[in-house]
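> Starting off with a structure, shown below.
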Amino acid sequence: MTNGRRRHPTRPNRHGARFDAAHAELRRLRGALLAQADPADGAGIARWADRPGGGLVLTGRDGLAVAQEVLGAGFGRPVLVDAACYVRNRTHRRSRLSASWIDWQHGCGLPLALTDSAYIGQGDIESLRLVLAQAADLGPGVVAVLPLHSSWLVDDLNQLCAAVGDAEIPIALVIDHASDPLGVTSIVDGLLRLLLLGIPVMVLRADVSVVGALCFGGHTAAVGLRANLRSRTPRRRAEHQSVLVPHLLRFVDQRQLDAAMLADPQSATPLLRCDCEVCDGADLSWLAATTEPREFGDAHTVSALLRLRDSALAAGAGSMRCQDSWSMRCVAAVERHHQLAESLYGLPPQPALRTWAAASGVAGLPQPSSATNRS
């Protein structure tokens, strides 16, 4: 601690030379913010994800064909394919990672291959070690997908760090939690400790606040384009169009944005304005008026995410300045939620904003107003 503040120190990556020698693609993914999408949306968003610091994660085995398609069309950024077997399957002692799945990914031109891991439940150290050992045996250019119950980053953190450190292979976390795992302080603390191992750590199927993981030294992060790709378990209810609001650091239902603009356009417009390449300074209500709101919304989301990533990492990923800058950005987003509450009830700040603000000890978070808690 410094002056009573929590700090997240950076540590030299003692594994860096080994990983970089094993695969140059890891270097291309360092600090990247990927758009995680269904295969049906992959080709449409590729244009916007083909930017420095960008890339794609295509979800499901059908993503292999789309990966070939976008790479064949000249896509110049990293592409990963997540089999997402963890959605329905749980790891057990007879589970085996598929070598064919790895070969298919490499055969499609993907330099890095994600394992088809099943879910690893609370405290199941045998399954964790099994997945890591099998992934290590699959050869170079393999990333071990670890779909973990969130307790691994809290109660079983020592065992997790020991197993990952012993395996010495890149990992991709899918953190299972009832809502947003990065909104829980103890989970974020566990993630930050895991980053200190020097192992390349990716975080898949995350919400916008995962940009904070990059600011604190995470290797790669992926934000789900749809709500069901921002958690391990897909939602069963029908999903309405949601829009990324950069000033609030969150996705918001388009209907709520429209309600805010109708209630108080003068106050809402500055908070809902977006300067990404797609919006060019317009407020986000324009998306509802387009003939293809889903397509334009996706283009805005990917473009705005990469703009956010560039701004957040401007001070140097992992540096104290970068950490503090991200925390202050989260504080500002909380304050903007309170401003918007004057015209839109029922949209409190997401817990992750306060969690990341606390990660570097930023004080002075505004307290919720009575209007914020009304529904």
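Please note that chains go A, B, ... in the order of the structure tokens, that every chain numbers its residues from 1, and that ligands are numbered from 1 in the order shown.
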Please identify every residue of segment 181-279 of chain A that has at least one atom no farther than 12 Å from an atom of segment 108-124 of chain A, counting only C-alpha atoms, and for each give the shortest atom pair and the distance in Å to one decimal, arranged by chain then increasing number, as JSON lines.

```
{"residue": "A:Met202", "atom": "CA", "partner": "A:Leu114", "partner_atom": "CA", "distance": 10.9}
{"residue": "A:Leu204", "atom": "CA", "partner": "A:Leu114", "partner_atom": "CA", "distance": 11.1}
{"residue": "A:Arg232", "atom": "CA", "partner": "A:Tyr119", "partner_atom": "CA", "distance": 9.2}
{"residue": "A:Thr233", "atom": "CA", "partner": "A:Tyr119", "partner_atom": "CA", "distance": 10.7}
```
> Need the shell around Thr185 of chain A: protein/DNA/RNA residues with any atom at most 10 Å away, counting only C-alpha atoms. Skip same-chain ones fewer than 6 positions apart. Format as a list of chain:residue names?
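Result of the neighbour search: A:Val154, A:Leu191, A:Pro351, A:Ala352, A:Arg354, A:Thr355, A:Trp356, A:Ala358, A:Ala359.
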> Can those selected residues be exported to a file as an mmCIF file, in the first residue's frame so that it contains N, CA and C atoms?

```cif
data_model
loop_
_atom_site.group_PDB
_atom_site.id
_atom_site.type_symbol
_atom_site.label_atom_id
_atom_site.label_comp_id
_atom_site.auth_asym_id
_atom_site.auth_seq_id
_atom_site.Cartn_x
_atom_site.Cartn_y
_atom_site.Cartn_z
ATOM 1 N N VAL A 154 -11.416 -17.032 -5.285
ATOM 2 C CA VAL A 154 -11.578 -16.553 -3.907
ATOM 3 C C VAL A 154 -11.100 -17.628 -2.933
ATOM 4 N N LEU A 191 -8.321 -12.334 -9.387
ATOM 5 C CA LEU A 191 -7.857 -12.200 -10.770
ATOM 6 C C LEU A 191 -6.550 -11.427 -10.818
ATOM 7 N N PRO A 351 -22.043 -2.818 -10.255
ATOM 8 C CA PRO A 351 -21.078 -2.990 -9.161
ATOM 9 C C PRO A 351 -19.624 -2.994 -9.616
ATOM 10 N N ALA A 352 -19.367 -3.429 -10.846
ATOM 11 C CA ALA A 352 -17.983 -3.506 -11.335
ATOM 12 C C ALA A 352 -17.304 -2.141 -11.346
ATOM 13 N N ARG A 354 -17.534 0.278 -9.098
ATOM 14 C CA ARG A 354 -16.979 0.528 -7.773
ATOM 15 C C ARG A 354 -15.844 -0.448 -7.455
ATOM 16 N N THR A 355 -15.962 -1.673 -7.940
ATOM 17 C CA THR A 355 -14.909 -2.663 -7.700
ATOM 18 C C THR A 355 -13.591 -2.232 -8.320
ATOM 19 N N TRP A 356 -13.637 -1.764 -9.576
ATOM 20 C CA TRP A 356 -12.406 -1.336 -10.232
ATOM 21 C C TRP A 356 -11.888 -0.029 -9.652
ATOM 22 N N ALA A 358 -12.024 0.733 -6.559
ATOM 23 C CA ALA A 358 -11.352 0.339 -5.318
ATOM 24 C C ALA A 358 -10.054 -0.415 -5.576
ATOM 25 N N ALA A 359 -9.902 -0.982 -6.763
ATOM 26 C CA ALA A 359 -8.721 -1.795 -7.046
ATOM 27 C C ALA A 359 -7.428 -1.011 -6.963
#
```
> Would you give me, as a ChimeraX atom specification, the residues in segment 174-361 of chain A that DSSP reads as alpha helix (DSSP H)?
/A:185-195,211-215,254-263,265-272,293-312,320-340,351-359
> For Val210 of chain A, which residue out of A:Asp38, A:Asp180, A:Asp189, A:Asp283 is the nearest one, using only C-alpha atoms?
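Ranked by minimum distance to Val210 of chain A, first place goes to A:Asp180.
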> For segment 321-329 of chain A, find every residue with an atom within 7 Å (counting only C-alpha atoms), except residues of its own chain fewer than 5 positions away, and show them as a list in words.
Gly212, Cys215, Phe216, Ala312, Leu313, Ala315, Gly316, Trp356, Ala357, Ser360 and Val362 of chain A
> What parts of segment 52-200 of chain A does DSSP call strand (DSSP E or B)? I'd like the answer as a PyMOL selection string.
chain A and resi 56-59+79-82+90+113-114+119-120+142-149+171-176
> From the set A:Ala206, A:Ala260, A:Leu157, A:Val174, which residue has the shortest atom-to-atom contact distance to Leu194 of chain A, counting only C-alpha atoms?
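Among the listed residues, A:Leu157 lies closest to Leu194 of chain A.
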> Could you pull the residues within 9 Å of Arg30 of chain A, counting only C-alpha atoms, minus those fewer than 5 positions along the same chain, as a PDB file with N, CA and C atoms, in the first residue's frame?

```pdb
ATOM      1  N   GLU A  25       2.092 -15.240 -32.006  1.00  0.00           N
ATOM      2  CA  GLU A  25       0.712 -14.759 -31.962  1.00  0.00           C
ATOM      3  C   GLU A  25       0.350 -14.237 -30.573  1.00  0.00           C
ATOM      4  N   GLY A  53      -5.139  -3.525 -31.912  1.00  0.00           N
ATOM      5  CA  GLY A  53      -5.672  -3.860 -30.597  1.00  0.00           C
ATOM      6  C   GLY A  53      -6.976  -4.620 -30.635  1.00  0.00           C
ATOM      7  N   PRO A 200       0.430 -15.709 -19.455  1.00  0.00           N
ATOM      8  CA  PRO A 200      -0.577 -14.981 -20.236  1.00  0.00           C
ATOM      9  C   PRO A 200      -1.990 -15.403 -19.837  1.00  0.00           C
ATOM     10  N   LEU A 214      -7.170  -5.479 -18.542  1.00  0.00           N
ATOM     11  CA  LEU A 214      -6.058  -5.088 -19.408  1.00  0.00           C
ATOM     12  C   LEU A 214      -5.238  -3.985 -18.757  1.00  0.00           C
ATOM     13  N   GLY A 218      -3.599  -7.688 -17.553  1.00  0.00           N
ATOM     14  CA  GLY A 218      -4.118  -8.864 -18.232  1.00  0.00           C
ATOM     15  C   GLY A 218      -3.626  -8.934 -19.671  1.00  0.00           C
ATOM     16  N   HIS A 219      -3.490 -10.151 -20.190  1.00  0.00           N
ATOM     17  CA  HIS A 219      -2.920 -10.316 -21.531  1.00  0.00           C
ATOM     18  C   HIS A 219      -3.927  -9.945 -22.618  1.00  0.00           C
ATOM     19  N   THR A 220      -5.141 -10.481 -22.531  1.00  0.00           N
ATOM     20  CA  THR A 220      -6.166 -10.296 -23.554  1.00  0.00           C
ATOM     21  C   THR A 220      -7.533 -10.361 -22.885  1.00  0.00           C
TER      22      THR A 220
END
```
> May I have the residues within 8 Å of Val245 of chain A as a PyMOL selection string, using only C-alpha atoms and disregarding those fewer than 3 positions away in the same chain?
chain A and resi 248-252+272+274+284
> Could you write out the selected residues, including C-alpha atoms, as a PDB file, in the first residue's frame?

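The file below, part32.pdb, is the result:
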```
ATOM      1  CA  LEU A 248     -21.541   4.810 -18.544  1.00  0.00           C
ATOM      2  CA  LEU A 249     -19.149   1.898 -19.297  1.00  0.00           C
ATOM      3  CA  ARG A 250     -22.061  -0.484 -19.792  1.00  0.00           C
ATOM      4  CA  PHE A 251     -24.652  -1.915 -22.152  1.00  0.00           C
ATOM      5  CA  VAL A 252     -28.126  -0.395 -21.828  1.00  0.00           C
ATOM      6  CA  LEU A 272     -25.496   9.302 -24.415  1.00  0.00           C
ATOM      7  CA  CYS A 274     -20.638   8.685 -28.651  1.00  0.00           C
ATOM      8  CA  LEU A 284     -27.102   6.878 -29.349  1.00  0.00           C
TER       9      LEU A 284
END
```
> From the options A:Val66, A:Leu33, A:Ala332, A:Leu130, which residue's atoms come nearest to Val81 of chain A, counting only C-alpha atoms?
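Smallest distance to Val81 of chain A is found for A:Val66.
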> Please identify all polymer residues within 10 Å of Ala259 of chain A, counting only C-alpha atoms, omitting same-chain residues fewer than 2 positions from it, and present them as a PyMOL selection string.
chain A and resi 254-257+261-265+268+285+343-345
> Find, counting only C-alpha atoms, the residue in A:Val143, A:Ala282, A:Leu153, A:Ala221 that gets nearest to Ile199 of chain A.
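Closest candidate: A:Val143.
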> Restricting the calculation to only C-alpha atoms, which member of A:Ala163, A:Gln105, A:Leu195, A:Ser231 is positioned closest to Leu182 of chain A?
A:Ser231
